[in-house]
file input.cif (mmCIF, C-alpha atoms)
data_protein
#
loop_
_atom_site.label_atom_id
_atom_site.label_comp_id
_atom_site.auth_asym_id
_atom_site.auth_seq_id
_atom_site.Cartn_x
_atom_site.Cartn_y
_atom_site.Cartn_z
CA MET W 1 29.87 12.00 0.40
CA PHE W 2 27.76 13.89 -2.12
CA ALA W 3 27.25 10.76 -4.18
CA GLN W 4 26.18 8.97 -1.02
CA PHE W 5 23.67 11.72 -0.29
CA PHE W 6 22.26 11.98 -3.80
CA PHE W 7 22.06 8.30 -4.67
CA ILE W 8 21.28 6.67 -1.34
CA THR W 9 19.93 9.13 1.26
CA LEU W 10 17.76 11.20 -1.04
CA PRO W 11 16.01 8.26 -2.75
CA HIS W 12 15.20 6.85 0.66
CA LEU W 13 13.70 10.16 1.69
CA SER W 14 11.55 10.42 -1.43
CA ARG W 15 8.39 9.17 0.23
CA ALA W 16 8.79 11.50 3.20
CA ILE W 17 9.54 14.41 0.90
CA GLY W 18 6.43 13.59 -1.10
CA VAL W 19 4.27 13.62 2.03
CA VAL W 20 5.76 16.94 3.15
CA ILE W 21 5.14 18.51 -0.25
CA MET W 22 1.52 17.37 -0.25
CA ILE W 23 0.83 18.52 3.33
CA GLU W 24 2.37 21.91 2.65
CA THR W 25 0.38 22.24 -0.57
CA ILE W 26 -2.84 21.68 1.33
CA PHE W 27 -1.90 24.10 4.10
CA LEU W 28 -0.64 26.83 1.78
CA LEU W 29 -3.72 26.55 -0.39
CA THR W 30 -5.65 28.31 2.34
CA VAL W 31 -3.25 30.90 3.76
CA PHE W 32 -5.49 33.48 5.38
CA ALA W 33 -4.14 35.36 8.37
CA GLU W 34 -1.03 36.66 6.64
CA ILE W 35 -3.10 38.17 3.85
CA PHE W 36 -5.71 39.50 6.26
CA VAL W 37 -3.15 41.34 8.37
CA THR W 38 -0.81 42.67 5.70
CA THR W 39 -2.60 43.42 2.43
CA SER W 40 -6.29 42.56 2.93
CA GLY W 41 -6.34 41.04 -0.53
CA GLY W 42 -5.32 44.25 -2.20
CA PRO W 43 -4.24 46.21 -4.15
CA GLY W 44 -7.34 45.42 -6.17
CA ASN W 45 -7.47 41.67 -6.15
CA ALA W 46 -3.71 41.13 -6.53
CA THR W 47 -3.20 39.17 -3.31
CA THR W 48 -6.65 37.65 -2.90
CA ASN W 49 -6.46 33.88 -2.70
CA LEU W 50 -9.34 31.46 -2.46
CA ALA W 51 -9.50 31.59 1.33
CA PHE W 52 -9.60 35.37 1.44
CA LEU W 53 -12.12 35.51 -1.39
CA ILE W 54 -14.49 33.25 0.52
CA TYR W 55 -14.03 35.32 3.68
CA ALA W 56 -14.68 38.57 1.81
CA ARG W 57 -17.74 37.15 0.07
CA ALA W 58 -19.27 35.75 3.22
CA LEU W 59 -18.49 38.24 5.94
CA LEU W 60 -17.90 41.51 4.09
CA GLN W 61 -20.37 41.31 1.21
CA TYR W 62 -22.86 38.97 2.92
CA ASP W 63 -23.00 36.83 -0.22
CA ILE W 64 -23.53 33.49 1.51
CA GLY W 65 -24.27 31.60 -1.70
CA GLY W 66 -21.16 32.83 -3.49
CA ALA W 67 -19.02 32.04 -0.48
CA SER W 68 -20.45 28.52 -0.26
CA ALA W 69 -19.69 27.97 -3.93
CA GLY W 70 -16.12 29.09 -3.29
CA GLY W 71 -15.97 26.64 -0.42
CA VAL W 72 -16.96 23.78 -2.68
CA VAL W 73 -14.22 24.74 -5.17
CA ALA W 74 -11.67 24.84 -2.35
CA ILE W 75 -12.76 21.39 -1.15
CA ILE W 76 -12.37 19.95 -4.64
CA LEU W 77 -8.91 21.49 -5.06
CA ALA W 78 -7.74 20.23 -1.69
CA ASN W 79 -9.23 16.78 -2.27
CA ILE W 80 -7.17 16.26 -5.41
CA VAL W 81 -4.01 16.54 -3.32
CA ALA W 82 -5.50 14.86 -0.27
CA PHE W 83 -6.45 11.79 -2.29
CA PHE W 84 -2.80 11.00 -3.05
CA LEU W 85 -1.72 12.02 0.42
CA VAL W 86 -4.11 9.68 2.20
CA ARG W 87 -3.13 6.87 -0.12
CA SER W 88 0.56 7.25 0.59
CA ILE W 89 -0.06 7.48 4.35
CA ALA W 90 -2.46 4.54 4.38
CA HIS W 91 0.30 2.45 2.85
CA ARG W 92 2.43 2.70 5.94
CA LEU W 93 -0.24 2.73 8.63
CA GLU W 94 -0.30 -0.46 10.64
CA VAL W 95 -3.14 -0.99 13.06
CA MET F 1 32.20 6.51 6.19
CA LYS F 2 33.64 9.20 8.43
CA ALA F 3 33.29 12.87 7.60
CA THR F 4 36.51 14.80 7.21
CA PRO F 5 36.96 17.99 9.29
CA LEU F 6 36.33 20.09 6.18
CA GLN F 7 33.02 18.36 5.50
CA ARG F 8 32.02 18.77 9.13
CA LEU F 9 32.84 22.46 8.92
CA LEU F 10 30.80 22.81 5.73
CA ALA F 11 27.85 21.04 7.34
CA THR F 12 28.07 23.32 10.38
CA VAL F 13 28.19 26.46 8.26
CA PHE F 14 25.28 25.24 6.16
CA GLY F 15 23.29 24.42 9.28
CA TRP F 16 23.87 27.88 10.71
CA ILE F 17 22.88 29.54 7.45
CA VAL F 18 19.59 27.65 7.37
CA ALA F 19 18.91 28.39 11.04
CA LEU F 20 19.59 32.10 10.58
CA LEU F 21 17.43 32.22 7.47
CA LEU F 22 14.55 30.70 9.44
CA PHE F 23 15.11 33.08 12.33
CA PHE F 24 15.53 36.19 10.19
CA PRO F 25 11.83 37.22 9.96
CA ILE F 26 11.42 36.96 13.73
CA ALA F 27 14.61 38.93 14.35
CA TRP F 28 13.48 41.56 11.86
CA MET F 29 10.09 41.82 13.54
CA ILE F 30 11.70 42.35 16.96
CA LEU F 31 14.14 44.91 15.53
CA THR F 32 11.35 46.80 13.76
CA SER F 33 9.32 46.94 16.94
CA PHE F 34 12.05 49.06 18.52
CA LYS F 35 12.18 51.50 15.62
CA SER F 36 10.25 54.70 15.27
CA GLU F 37 7.55 54.67 12.60
CA ARG F 38 9.79 56.67 10.25
CA ASP F 39 12.79 54.36 10.65
CA ALA F 40 10.62 51.34 10.07
CA ILE F 41 9.90 52.17 6.44
CA SER F 42 13.29 53.72 5.64
CA SER F 43 15.97 51.53 4.14
CA HIS F 44 18.69 52.56 6.59
CA LEU F 45 19.96 49.86 8.85
CA VAL F 46 20.98 52.21 11.66
CA PHE F 47 18.23 53.47 13.96
CA ASP F 48 17.68 54.86 17.43
CA PRO F 49 16.04 52.19 19.56
CA THR F 50 12.86 53.50 21.12
CA PHE F 51 9.94 52.11 23.09
CA GLU F 52 7.57 54.52 21.38
CA SER F 53 5.56 51.88 19.50
CA TYR F 54 5.21 49.72 22.61
CA HIS F 55 3.83 52.71 24.50
CA GLU F 56 1.31 53.38 21.74
CA VAL F 57 0.28 49.74 21.51
CA PHE F 58 -0.31 49.62 25.24
CA ALA F 59 -2.22 52.87 25.13
CA ARG F 60 -4.45 51.83 22.26
CA ALA F 61 -5.42 48.30 23.24
CA ASP F 62 -5.84 46.27 26.37
CA TYR F 63 -3.09 43.68 25.94
CA LEU F 64 -3.89 41.74 29.09
CA THR F 65 -7.49 41.02 28.11
CA PHE F 66 -6.37 39.64 24.77
CA ALA F 67 -3.60 37.61 26.40
CA LEU F 68 -6.02 36.21 28.97
CA ASN F 69 -8.43 35.21 26.19
CA SER F 70 -5.59 33.49 24.36
CA ILE F 71 -4.64 31.53 27.46
CA ILE F 72 -8.24 30.53 28.17
CA VAL F 73 -8.99 29.30 24.65
CA SER F 74 -5.64 27.52 24.24
CA VAL F 75 -5.75 25.70 27.54
CA GLY F 76 -9.49 25.04 27.26
CA GLY F 77 -9.24 23.74 23.71
CA THR F 78 -6.32 21.49 24.56
CA ALA F 79 -8.02 20.12 27.67
CA LEU F 80 -11.24 19.41 25.80
CA ALA F 81 -9.36 17.73 22.94
CA LEU F 82 -7.41 15.52 25.36
CA LEU F 83 -10.60 14.64 27.22
CA PHE F 84 -12.10 13.17 24.04
CA ALA F 85 -8.88 11.91 22.49
CA ILE F 86 -7.58 9.81 25.37
CA PRO F 87 -10.54 7.37 25.39
CA ALA F 88 -10.69 7.37 21.59
CA ALA F 89 -7.01 6.57 21.19
CA TYR F 90 -7.25 3.93 23.93
CA ALA F 91 -10.10 2.18 22.17
CA MET F 92 -8.36 2.24 18.82
CA ALA F 93 -4.96 1.16 20.11
CA PHE F 94 -6.04 -1.70 22.36
CA HIS F 95 -9.36 -2.86 20.98
CA PRO F 96 -8.92 -2.49 17.23
CA THR F 97 -11.54 -3.75 14.81
CA HIS F 98 -11.30 -4.04 11.06
CA ARG F 99 -12.62 -0.49 10.77
CA THR F 100 -10.03 1.16 13.01
CA ARG F 101 -7.65 1.83 10.17
CA GLY F 102 -10.36 3.47 8.11
CA THR F 103 -11.51 5.55 11.07
CA LEU F 104 -8.01 6.83 11.71
CA LEU F 105 -7.51 7.79 8.09
CA TRP F 106 -10.92 9.41 7.97
CA MET F 107 -10.08 11.51 11.03
CA LEU F 108 -6.84 12.58 9.41
CA SER F 109 -8.59 13.42 6.17
CA THR F 110 -10.78 15.98 7.95
CA LYS F 111 -7.54 17.79 8.73
CA MET F 112 -6.98 18.12 5.00
CA LEU F 113 -10.20 20.00 4.51
CA PRO F 114 -9.31 23.67 4.17
CA PRO F 115 -10.94 25.39 7.16
CA VAL F 116 -12.25 28.16 4.94
CA CYS F 117 -14.57 25.69 3.21
CA VAL F 118 -16.63 25.32 6.35
CA LEU F 119 -16.48 28.98 7.28
CA VAL F 120 -20.03 29.72 6.12
CA PRO F 121 -21.77 26.78 7.81
CA ILE F 122 -19.83 27.19 11.05
CA TYR F 123 -20.46 30.92 11.12
CA LEU F 124 -24.18 30.43 10.62
CA LEU F 125 -24.27 27.69 13.26
CA PHE F 126 -22.42 29.89 15.73
CA ARG F 127 -24.73 32.80 15.03
CA THR F 128 -27.81 30.69 15.62
CA ALA F 129 -26.38 29.17 18.79
CA GLY F 130 -25.26 32.55 20.09
CA LEU F 131 -21.64 31.43 20.27
CA LEU F 132 -20.14 34.23 18.19
CA ASP F 133 -17.53 36.18 20.13
CA THR F 134 -17.55 33.85 23.13
CA THR F 135 -14.55 31.99 24.49
CA SER F 136 -16.57 28.81 24.89
CA GLY F 137 -17.28 28.81 21.15
CA LEU F 138 -13.60 29.20 20.35
CA VAL F 139 -12.67 26.46 22.83
CA MET F 140 -15.03 24.09 21.02
CA ILE F 141 -13.67 25.00 17.58
CA TYR F 142 -10.07 24.61 18.74
CA ALA F 143 -10.76 21.28 20.36
CA LEU F 144 -12.42 19.94 17.21
CA MET F 145 -9.68 21.39 15.05
CA ASN F 146 -6.91 19.66 17.00
CA LEU F 147 -8.74 16.43 17.74
CA PRO F 148 -7.41 14.50 14.69
CA ILE F 149 -3.80 15.39 15.45
CA VAL F 150 -4.17 14.67 19.15
CA VAL F 151 -5.82 11.30 18.53
CA TRP F 152 -3.14 10.33 16.03
CA MET F 153 -0.28 11.26 18.33
CA LEU F 154 -1.81 9.53 21.34
CA PHE F 155 -2.54 6.48 19.21
CA THR F 156 1.12 6.15 18.22
CA PHE F 157 2.21 6.53 21.84
CA TYR F 158 -0.34 3.98 23.10
CA LYS F 159 0.74 1.56 20.40
CA GLU F 160 4.10 1.22 22.13
CA VAL F 161 2.58 0.08 25.42
CA PRO F 162 2.50 -3.73 25.53
CA ASN F 163 -1.00 -5.11 25.86
CA GLU F 164 0.23 -7.50 28.58
CA ILE F 165 0.63 -4.67 31.07
CA LEU F 166 -3.03 -3.73 30.68
CA GLU F 167 -3.98 -7.42 30.86
CA ALA F 168 -2.12 -7.71 34.16
CA GLY F 169 -4.07 -4.74 35.42
CA ARG F 170 -7.31 -6.36 34.32
CA MET F 171 -6.35 -9.55 36.16
CA ASP F 172 -5.97 -7.50 39.31
CA GLY F 173 -9.47 -6.21 38.83
CA ALA F 174 -9.04 -2.85 37.15
CA LYS F 175 -12.03 -1.56 35.25
CA THR F 176 -11.56 0.24 31.95
CA ALA F 177 -11.40 3.66 33.59
CA GLY F 178 -8.85 2.44 36.12
CA GLU F 179 -6.83 0.83 33.36
CA VAL F 180 -6.56 4.14 31.53
CA TRP F 181 -6.08 6.28 34.60
CA PHE F 182 -3.68 4.18 36.69
CA LEU F 183 -1.75 2.25 34.03
CA LEU F 184 -1.90 3.85 30.62
CA LEU F 185 -1.62 7.52 31.55
CA PRO F 186 1.38 7.17 33.87
CA LEU F 187 3.15 4.99 31.29
CA THR F 188 2.58 7.40 28.43
CA LEU F 189 2.79 10.63 30.41
CA PRO F 190 5.69 12.07 28.33
CA GLY F 191 3.71 11.35 25.18
CA VAL F 192 0.50 12.87 26.52
CA ALA F 193 2.47 15.90 27.72
CA SER F 194 4.10 16.54 24.38
CA THR F 195 0.77 16.05 22.62
CA GLY F 196 -0.77 18.62 24.93
CA LEU F 197 2.11 21.04 24.36
CA LEU F 198 1.79 20.74 20.60
CA SER F 199 -1.94 21.28 20.78
CA LEU F 200 -1.43 24.30 23.02
CA ILE F 201 0.97 25.88 20.54
CA LEU F 202 -1.32 25.16 17.60
CA CYS F 203 -4.25 26.74 19.47
CA TRP F 204 -2.22 29.80 20.34
CA ASN F 205 -1.11 30.35 16.74
CA GLU F 206 -4.47 29.67 15.18
CA ALA F 207 -5.65 32.79 13.42
CA PHE F 208 -8.34 31.89 10.94
CA TRP F 209 -11.16 31.02 13.30
CA SER F 210 -10.26 33.54 15.96
CA LEU F 211 -10.31 36.37 13.42
CA ASN F 212 -13.61 35.30 11.92
CA LEU F 213 -15.58 34.19 14.95
CA THR F 214 -14.62 36.83 17.49
CA SER F 215 -14.70 40.58 17.44
CA ALA F 216 -14.18 42.09 20.87
CA SER F 217 -14.94 40.33 24.11
CA ALA F 218 -13.45 36.92 23.26
CA ALA F 219 -10.72 38.06 20.88
CA PRO F 220 -7.34 36.38 21.47
CA LEU F 221 -3.91 37.78 20.61
CA THR F 222 -4.20 37.03 16.89
CA ALA F 223 -7.04 39.53 16.73
CA PHE F 224 -4.88 41.90 18.75
CA ILE F 225 -2.23 41.79 15.98
CA ALA F 226 -4.85 42.19 13.28
CA SER F 227 -6.31 45.26 14.96
CA PHE F 228 -3.04 47.07 14.28
CA SER F 229 -3.20 46.59 10.54
CA SER F 230 -5.14 49.60 9.40
CA PRO F 231 -6.65 50.07 5.98
CA GLU F 232 -5.17 53.54 5.44
CA GLY F 233 -1.61 52.21 5.37
CA LEU F 234 0.43 49.96 7.57
CA PHE F 235 2.25 51.17 10.63
CA PHE F 236 5.00 48.61 10.62
CA ALA F 237 6.59 49.57 13.92
CA LYS F 238 3.32 49.31 15.84
CA LEU F 239 2.36 46.13 13.98
CA SER F 240 5.74 44.61 14.83
CA ALA F 241 5.47 45.66 18.46
CA ALA F 242 2.01 44.08 18.71
CA SER F 243 3.22 40.90 16.99
CA THR F 244 6.27 40.67 19.25
CA MET F 245 4.08 40.95 22.30
CA ALA F 246 1.70 38.35 20.92
CA VAL F 247 4.35 35.73 20.15
CA ALA F 248 6.55 36.41 23.19
CA PRO F 249 4.60 34.23 25.67
CA ILE F 250 4.44 31.20 23.39
CA LEU F 251 8.08 31.68 22.37
CA VAL F 252 9.19 31.62 26.00
CA PHE F 253 6.88 28.69 26.68
CA GLY F 254 8.26 26.81 23.68
CA TRP F 255 11.81 27.55 24.77
CA PHE F 256 11.23 25.96 28.16
CA SER F 257 9.33 22.98 26.82
CA GLN F 258 11.42 22.30 23.73
CA ARG F 259 13.21 19.30 25.21
CA GLN F 260 9.89 17.69 26.12
CA LEU F 261 8.41 18.60 22.77
CA VAL F 262 11.25 17.26 20.65
CA GLN F 263 11.49 14.12 22.75
CA GLY F 264 7.81 13.41 22.39
CA LEU F 265 7.78 14.11 18.68
CA THR F 266 10.78 11.95 17.83
CA PHE F 267 9.95 9.03 20.10
CA GLY F 268 6.39 8.52 19.12
CA ALA F 269 4.58 10.15 16.32
CA VAL F 270 6.95 10.82 13.48
CA LYS F 271 8.41 7.49 12.60
#

call {"tool": "encode", "arguments": {"input": "input.cif", "output": "structure tokens"}}
result
Amino acid sequence: MFAQFFFITLPHLSRAIGVVIMIETIFLLTVFAEIFVTTSGGPGNATTNLAFLIYARALLQYDIGGASAGGVVAIILANIVAFFLVRSIAHRLEV
Amino acid sequence: MKATPLQRLLATVFGWIVALLLFFPIAWMILTSFKSERDAISSHLVFDPTFESYHEVFARADYLTFALNSIIVSVGGTALALLFAIPAAYAMAFHPTHRTRGTLLWMLSTKMLPPVCVLVPIYLLFRTAGLLDTTSGLVMIYALMNLPIVVWMLFTFYKEVPNEILEAGRMDGAKTAGEVWFLLLPLTLPGVASTGLLSLILCWNEAFWSLNLTSASAAPLTAFIASFSSPEGLFFAKLSAASTMAVAPILVFGWFSQRQLVQGLTFGAVK
């Protein structure tokens, strides 16, 4: 039973697992509301992620340029993952 | 290969453990909402249930206004997304060209853009257009945000309708609009319904745009939760009470529509 799961089921799921990992990576890269409600990026900068940093720059410090630069960095980071994700989805898409 | 009773038992136990683990944060939130503020931060498990935090939440904020805003933007966003997605998915499913595949993937790729990247441009656009803190602005954002998912789901549902049925309709003199309205929609109604339900739930739970683009008059329930997180320290009981009240409607809604939702998701999109 365990051998069946590890050597047959799991290998067949590998592509699906890969897609899930990539989607979650992209979504978790920009967690915002949880941080906003609980810690507001603090104490100090301990829980500030990229999304919260951009928000704080743009709407709290009115540093539009800095926030835009942060946005570009976030796009680049997400695109690295998204590139592989789109490729693996495009493989299976039949139109 | 048949599973022995022991293996079945193990699988059941494992399944329950996973389910309880997933449910634990929600259960803890509901429990905390019935605690007093002092019990909420203490490590004791025993507490006197009290409605104190609910009373305070109701006294401090107008729950119904927030809830009404949530309903308006969720339903509005879903309706607007469906309005655009149904013709788009129809065109791509039944009249594909060599660019359809690329278009679909491009639409999906916009979903991979972190929303925070476009925060600055969207905020400035909204400010110039006077859409900040209006429900119509949120409806537009939600519709655009869900459009890729809605188009993709509808596309997979439409793909399963044989082209011959539409051809037969055309032979009987149906125009394109009639084709969609009288043939395609009734045939794929379960799919359209589950797409709408999913979009509704996504709109309801969306927090990033609602927190950033609204402040008072158009603020939905996510902003209601956020208003109870204060900078001078968290009041967990009140925060939990507010969160419980915010998720309760969609939880009940999801409970009633889960059969439809699961059916739609497993039959069409995720294959």

call {"tool": "interface_residues", "arguments": {"input": "input.cif", "of": "chain W", "to": "chain F", "cutoff": "6 Å", "atoms": "all atoms listed in the file", "output": "PyMOL selection string"}}
result
chain W and resi 33+37+51+71

call {"tool": "closest_residue", "arguments": {"input": "input.cif", "among": "W:Leu29, W:Asp63, W:Ile89, W:Ala56", "to": "Gly42 (chain W)", "atoms": "all atoms listed in the file"}}
result
W:Ala56

call {"tool": "atom_distance", "arguments": {"input": "input.cif", "atom1": "CA of Trp204 (chain F)", "atom2": "CA of Ile71 (chain F)"}}
result
7.7 Å

call {"tool": "atom_distance", "arguments": {"input": "input.cif", "atom1": "CA of Leu28 (chain W)", "atom2": "CA of Asn49 (chain W)"}}
result
10.2 Å

call {"tool": "residues_around", "arguments": {"input": "input.cif", "residues": "Ser33 (chain F)", "least_positions_apart": "4", "cutoff": "10 Å", "atoms": "all atoms listed in the file", "output": "PyMOL selection string"}}
result
chain F and resi 27-29+37+40+49-54+236-245

call {"tool": "resolve_selection", "arguments": {"input": "input.cif", "expression": "the PyMOL selection byres ((chain F and resi 74) around 12)", "output": "ChimeraX atom specification"}}
result
/F:67-73,75-81,135-136,138-143,145-146,196-206,210,220-221,250

call {"tool": "atom_distance", "arguments": {"input": "input.cif", "atom1": "CA of Phe47 (chain F)", "atom2": "CA of Arg60 (chain F)"}}
result
24.2 Å

call {"tool": "closest_residue", "arguments": {"input": "input.cif", "among": "F:Phe224, F:Tyr158, F:Phe126, F:Trp181", "to": "Ala61 (chain F)", "atoms": "only C-alpha atoms"}}
result
F:Phe224

call {"tool": "residues_around", "arguments": {"input": "input.cif", "residues": "Ile64 (chain W)", "least_positions_apart": "5", "cutoff": "10 Å", "atoms": "all atoms listed in the file", "output": "list in words"}}
result
Ile54, Tyr55, Arg57, Ala58, Leu59, Ala69 and Gly70 of chain W; Val120, Pro121 and Leu124 of chain F

call {"tool": "residues_around", "arguments": {"input": "input.cif", "residues": "His91 (chain W)", "least_positions_apart": "3", "cutoff": "12 Å", "atoms": "all atoms listed in the file", "output": "PDB file with C-alpha atoms, keeping the file's coordinate frame"}}
result
ATOM      1  CA  ARG W  15       8.390   9.170   0.230  1.00  0.00           C
ATOM      2  CA  VAL W  19       4.270  13.620   2.030  1.00  0.00           C
ATOM      3  CA  PHE W  84      -2.800  11.000  -3.050  1.00  0.00           C
ATOM      4  CA  LEU W  85      -1.720  12.020   0.420  1.00  0.00           C
ATOM      5  CA  VAL W  86      -4.110   9.680   2.200  1.00  0.00           C
ATOM      6  CA  ARG W  87      -3.130   6.870  -0.120  1.00  0.00           C
ATOM      7  CA  SER W  88       0.560   7.250   0.590  1.00  0.00           C
ATOM      8  CA  GLU W  94      -0.300  -0.460  10.640  1.00  0.00           C
ATOM      9  CA  VAL W  95      -3.140  -0.990  13.060  1.00  0.00           C
TER      10      VAL W  95
ATOM     11  CA  ARG F 101      -7.650   1.830  10.170  1.00  0.00           C
ATOM     12  CA  GLY F 102     -10.360   3.470   8.110  1.00  0.00           C
ATOM     13  CA  LEU F 105      -7.510   7.790   8.090  1.00  0.00           C
TER      14      LEU F 105
END

call {"tool": "residues_around", "arguments": {"input": "input.cif", "residues": "Ala168 (chain F)", "least_positions_apart": "5", "cutoff": "10 Å", "atoms": "only C-alpha atoms", "output": "list in words"}}
result
Asn163, Gly173, Ala174, Glu179 and Leu183 of chain F

call {"tool": "axis_aligned_box", "arguments": {"input": "input.cif", "around": "region 84-96 of chain F", "padding_each_side": "5 Å", "output": "AutoDock Vina command-line options"}}
result
--center_x -8.5 --center_y 5.2 --center_z 21.3 --size_x 17.1 --size_y 26.0 --size_z 18.2

call {"tool": "closest_residue", "arguments": {"input": "input.cif", "among": "W:Leu10, W:Leu53, W:Ala3, W:Ile80", "to": "Phe36 (chain W)", "atoms": "all atoms listed in the file"}}
result
W:Leu53

call {"tool": "resolve_selection", "arguments": {"input": "input.cif", "expression": "the PyMOL selection byres ((chain F and resi 192) around 9)", "output": "PyMOL selection string"}}
result
chain F and resi 82+86+150+153-154+157+185+188-191+193-197+264
